[in-house]
Amino acid sequence: MPTMVLDDPLGVVCVFSDGDTAEFSLEGLPNPRLARDLAVGLVELIHPHGTVDSAGSVVHYVRALRRMVLAVAEGGFIGGAGDLRRGQLAKFWMAGPTHLEAQTRALVEGFARSGGVLGEGVLELAAGRHFNIQPNRQALPPYPEAEWDRLASACRTLVEESYAAHRRALLSVAAGRHPAEGGWTAENFCWLLARSGPISTPGFAAALGVTYDAFRSRGGTVLFHQAVQAAFPHLDALIAYRLLFGVYSGIVPDGIADLGVGDVDWAGDSTVLLSYVKGRTSTESLNLPRAAVRLLEQWLSHSALLRGLVPAAERDRLWLGMSLVGNARLVRDVDRVAIQRWVRRREVFGSDGQPLKIHRSRIRTTYHAVRDKSTWSGSARATIDPNHTPSVEGDHYLTATTPAQRHLVETIVEDAQHDILRRAHPPTVITEEDAAALARDYPQLMAGLGLGDAAISELVGGARDVFTAACGDQLSGLHGPAGKPCPARPWVCLLCPLAVFAPRHAANLLRLKAFFSRQWQQMPAAQFMAVFGPYAVRISQVLDRFDPAVVAAAAIAVAGADEEIPLRPEERTT
């Protein structure tokens with residue numbers, strides 16, 4: 001017996017997946033009409049329609065239902081769910097608590113899914129952002145590498161096998177005939193399915209002109225099930241496609257469930273901009289990775305035959321598939337229960353030997369945890385997802401790291417600390433170009449570099465000059481591989497502890513200062529400060545130590561053009 005609503009006495013009878021039953025009374029409420037409508041919404045949440053699959057869970061929803069009916073009745077409301085208005089619901093939900101708001105929102109949405117008609121804007125309010133936000137829970141860690149590979153492999157295997165069978169079915173359609181004329185073969189069954197569309201086993205038997213019993217006794221059922229699974233994507237294949245799509249793209253699961261074909265924006269042959277809805281925020285978009293694009297192309301091809309045979313209202317649904325083999329019903333929802341059953345059927349086990357628990361949000365976390373970040377180029381917006389704040393990413397992704405990733409993060413932190421210490425040292429500026437003055441004024445530099453008299457003479461005389469300074473040791477490996485010439489850009493020398501600045505460098509320093517001015521004019525302030533800010537401060541400190549007459553004389557030779565500085569093409573300002 002399916003879950004149903006009883007009118008006399010008013011109540012709900014539930015049948016769960018383990019065979020247990022339970023009955024819940026809704027008698028004694030001041031508005032039986034509203035109570036019945038919400039009970040209809042409750043039925044949509046209970047197995048097999050929804051994910052609620054135990055009497056204990058239903059008890060909470062029944063309590064929430066009763067509290068909602070009593071609360072709105074106090075204001076004199078006597079109508080049904082279709083008479084509710086946004087203001088009434090907003091007042092009730094804002095009063096909380098969190099669990100009451102969440103449960104009654106689900107009841108209202110369930111009523112709408114059952115075919116009930118709601119007032120203008122009520123469904124949008126019920127499905128929108130909650131007034132009482134649930135407290136943040138600790139983010140789930142990424143899947144271990146072995147479990148992640150096992151899940152992805154199981155999905156890929158099923159996707160490839162089902163699509164190969166579908167391709168063979170399409171070839172059969174071209175060469176097939178009506179089974180009544182050409183015989184009961186897989187090819188001819190596919191030929192008929194391509195014309196009849198989704199059909200039940202008894203309906204297919206009737207199309208052949210035989211009874212269901214005769215069809216089954218002659219072995220037609222097995223052959224029909226094979227043909228219909230090959231011709232149309234079914235629940236198992238659909239789950240595999242959706243999970244693999246999440247593995248490839250990292251899109252949150254609550255956003256891809258209700259996607260339509262119109263949400264897929266093709267920008268050329270290999271680029272897709274996908275618009276989707278994220279439950280915690282709102283509409284978002286993502287430029288899909290190449291693997292996700294190819295998978296999406298394959299899915300559209302796999303579901304094309306079915307899409308052309310279903311009613312027009314169903315054709316825009318992206319994840320279109322058959323619910324059961326031998327049943328003409330389309331998949332309406334893929335809940336947690338269905339996914340865990342899929343896991344058991346496909347024998348996807350975790351490291352503990354038990355069926356792998358699929359947390360679809362954990363797929364997103366794992367996707368970002370394993371994604372290669374070696375191409376990061378120092379963007380000012382250094383977050384994985386542009387829809388996140390840095391604090392959210394730190395809480396949900398950067399804390400969920402593997403040992404190798406933790407080592408890399410610690411290395412970055414150590415490098416940053418060393419860089420801060422280097423910046424704290426004052427610049428080494430000599431005003432008299434002789435070795436005696438250098439050795440007397442900067443003994444710590446001489447000791448740190450281990451420079452001899454010949455090396456000091458080279459520093460003072462210009463033999464070790466780079467663009468903006470004289471370098472204590474270009475092969476030190478401070479900014480590149482040890483033993484190789486330093487690859488640092490000209491402005492990096494301003495904060496380098498190996499740099500020694502002399503009056504002969506004043507002209508180049510002024511040219512670099514003019515370059516900073518041009519960059520300031522064309523770059524956003526925040527970006528300029530992140531890229532050039534520390535160097536712009538240091539260059540002023542260096543020039544202030546020179547004699548003003550030296551700086552004024554050097555300024556005569558400065559034209560203020562990019563050609564005066566060794567720049568790469570992408571660094572030019574004009």
# chains A, B, ... in the order shown; residues from 1 in each chain; ligands from 1
$ select_by_dssp --residues "segment 126-235 of chain A" --states "alpha helix (DSSP H)" --output "number ranges by chain"
A: 126-127, 145-175, 179-182, 186-196, 201-208, 212-217, 220-231, 235
$ residues_around --residues "segment 112-119 of chain A" --least-positions-apart "4" --cutoff "9 Å" --atoms "only C-alpha atoms" --output "VMD selection string"
chain A and resid 37 40 to 41 43 to 44 81 to 86 107 to 108 123
$ write_last_selection --atoms "C-alpha atoms" --output "tab-separated table (two decimals), in the first residue's frame"
chain	number	residue	atom	x	y	z
A	37	ASP	CA	-3.07	20.19	1.90
A	40	VAL	CA	-0.42	15.96	0.77
A	41	GLY	CA	2.88	17.83	0.74
A	43	VAL	CA	3.37	12.47	1.30
A	44	GLU	CA	5.69	13.87	-1.39
A	81	ALA	CA	-2.52	26.01	1.13
A	82	GLY	CA	-3.43	27.69	-2.15
A	83	ASP	CA	-4.83	30.67	-0.20
A	84	LEU	CA	-1.63	31.31	1.75
A	85	ARG	CA	0.13	34.57	0.97
A	86	ARG	CA	3.80	35.50	1.07
A	107	LEU	CA	5.73	20.73	3.19
A	108	VAL	CA	4.72	23.71	1.06
A	123	LEU	CA	6.59	28.71	-4.17
$ residues_around --residues "Leu89 of chain A" --least-positions-apart "6" --cutoff "9 Å" --atoms "only C-alpha atoms" --output "PyMOL selection string"
chain A and resi 72+122+125-126
$ write_last_selection --atoms "all heavy atoms" --output "PDB file, in the first residue's frame"
ATOM      1  N   VAL A  72      -1.154  29.872  11.936  1.00  0.00           N
ATOM      2  CA  VAL A  72      -1.865  30.720  10.973  1.00  0.00           C
ATOM      3  C   VAL A  72      -3.343  30.827  11.319  1.00  0.00           C
ATOM      4  O   VAL A  72      -4.005  31.809  10.975  1.00  0.00           O
ATOM      5  CB  VAL A  72      -1.672  30.202   9.532  1.00  0.00           C
ATOM      6  CG1 VAL A  72      -0.214  30.257   9.133  1.00  0.00           C
ATOM      7  CG2 VAL A  72      -2.213  28.789   9.363  1.00  0.00           C
ATOM      8  N   VAL A 122       4.494  32.377  -3.837  1.00  0.00           N
ATOM      9  CA  VAL A 122       4.633  31.572  -2.620  1.00  0.00           C
ATOM     10  C   VAL A 122       5.669  30.470  -2.801  1.00  0.00           C
ATOM     11  O   VAL A 122       6.507  30.228  -1.927  1.00  0.00           O
ATOM     12  CB  VAL A 122       3.267  30.978  -2.207  1.00  0.00           C
ATOM     13  CG1 VAL A 122       3.443  29.932  -1.095  1.00  0.00           C
ATOM     14  CG2 VAL A 122       2.335  32.077  -1.748  1.00  0.00           C
ATOM     15  N   LEU A 125       9.137  31.859  -2.656  1.00  0.00           N
ATOM     16  CA  LEU A 125       9.527  32.169  -1.282  1.00  0.00           C
ATOM     17  C   LEU A 125       9.901  30.898  -0.528  1.00  0.00           C
ATOM     18  O   LEU A 125      10.914  30.854   0.184  1.00  0.00           O
ATOM     19  CB  LEU A 125       8.387  32.888  -0.563  1.00  0.00           C
ATOM     20  CG  LEU A 125       8.621  33.217   0.915  1.00  0.00           C
ATOM     21  CD1 LEU A 125       9.746  34.235   1.052  1.00  0.00           C
ATOM     22  CD2 LEU A 125       7.338  33.735   1.570  1.00  0.00           C
ATOM     23  N   ALA A 126       9.088  29.829  -0.703  1.00  0.00           N
ATOM     24  CA  ALA A 126       9.347  28.574   0.007  1.00  0.00           C
ATOM     25  C   ALA A 126      10.664  27.952  -0.428  1.00  0.00           C
ATOM     26  O   ALA A 126      11.381  27.359   0.390  1.00  0.00           O
ATOM     27  CB  ALA A 126       8.199  27.599  -0.216  1.00  0.00           C
TER      28      ALA A 126
END
$ residues_around --residues "segment 241-245 of chain A" --least-positions-apart "2" --cutoff "10 Å" --atoms "only C-alpha atoms" --output "PyMOL selection string"
chain A and resi 151-156+158-160+235-239+247-251+253+256-257+288+291-296+298-299+319+334+339+358+360+363
$ write_last_selection --atoms "C-alpha atoms" --output "PDB file, in the first residue's frame"
ATOM      1  CA  LEU A 151      33.873   6.050  -7.538  1.00  0.00           C
ATOM      2  CA  ALA A 152      35.038   7.759 -10.727  1.00  0.00           C
ATOM      3  CA  SER A 153      35.997   4.419 -12.286  1.00  0.00           C
ATOM      4  CA  ALA A 154      32.594   2.864 -11.503  1.00  0.00           C
ATOM      5  CA  CYS A 155      30.813   5.856 -13.032  1.00  0.00           C
ATOM      6  CA  ARG A 156      33.008   5.875 -16.143  1.00  0.00           C
ATOM      7  CA  LEU A 158      28.776   2.342 -16.527  1.00  0.00           C
ATOM      8  CA  VAL A 159      28.661   5.465 -18.673  1.00  0.00           C
ATOM      9  CA  GLU A 160      30.838   3.911 -21.369  1.00  0.00           C
ATOM     10  CA  LEU A 235      18.130   5.489 -13.616  1.00  0.00           C
ATOM     11  CA  ASP A 236      21.455   3.678 -13.097  1.00  0.00           C
ATOM     12  CA  ALA A 237      23.062   5.333 -16.119  1.00  0.00           C
ATOM     13  CA  LEU A 238      21.605   8.730 -15.210  1.00  0.00           C
ATOM     14  CA  ILE A 239      23.064   8.529 -11.678  1.00  0.00           C
ATOM     15  CA  VAL A 247      33.609  14.652 -10.396  1.00  0.00           C
ATOM     16  CA  TYR A 248      34.649  16.480 -13.567  1.00  0.00           C
ATOM     17  CA  SER A 249      33.188  19.923 -12.792  1.00  0.00           C
ATOM     18  CA  GLY A 250      32.797  20.218  -9.011  1.00  0.00           C
ATOM     19  CA  ILE A 251      29.338  21.800  -9.373  1.00  0.00           C
ATOM     20  CA  PRO A 253      24.614  18.712  -6.520  1.00  0.00           C
ATOM     21  CA  ILE A 256      22.494  20.397 -11.338  1.00  0.00           C
ATOM     22  CA  ALA A 257      19.378  18.425 -10.331  1.00  0.00           C
ATOM     23  CA  LEU A 288      33.094  23.846 -17.662  1.00  0.00           C
ATOM     24  CA  ALA A 291      36.199  16.574 -19.521  1.00  0.00           C
ATOM     25  CA  ALA A 292      32.821  17.854 -18.277  1.00  0.00           C
ATOM     26  CA  VAL A 293      32.055  19.355 -21.697  1.00  0.00           C
ATOM     27  CA  ARG A 294      32.729  16.038 -23.441  1.00  0.00           C
ATOM     28  CA  LEU A 295      30.606  14.162 -20.889  1.00  0.00           C
ATOM     29  CA  LEU A 296      27.760  16.644 -21.386  1.00  0.00           C
ATOM     30  CA  GLN A 298      27.772  12.440 -24.719  1.00  0.00           C
ATOM     31  CA  TRP A 299      24.788  12.689 -22.381  1.00  0.00           C
ATOM     32  CA  TRP A 319      18.725  14.884 -16.885  1.00  0.00           C
ATOM     33  CA  VAL A 334      17.332  11.249  -7.635  1.00  0.00           C
ATOM     34  CA  ILE A 339      22.103   6.820  -4.925  1.00  0.00           C
ATOM     35  CA  ILE A 358      28.028   9.329  -1.241  1.00  0.00           C
ATOM     36  CA  ARG A 360      27.471  14.850  -3.148  1.00  0.00           C
ATOM     37  CA  ILE A 363      32.430  15.471  -4.264  1.00  0.00           C
TER      38      ILE A 363
END
$ residues_around --residues "Gln226 of chain A" --least-positions-apart "2" --cutoff "12 Å" --atoms "only C-alpha atoms" --output "number ranges by chain"
A: 162, 165-166, 168-169, 185-187, 189-190, 193, 201, 219-224, 228-234, 325-326
$ closest_residue --among "A:Ala146, A:Met4, A:Leu543, A:Ile556" --to "Pro48 of chain A" --atoms "only C-alpha atoms"
A:Met4
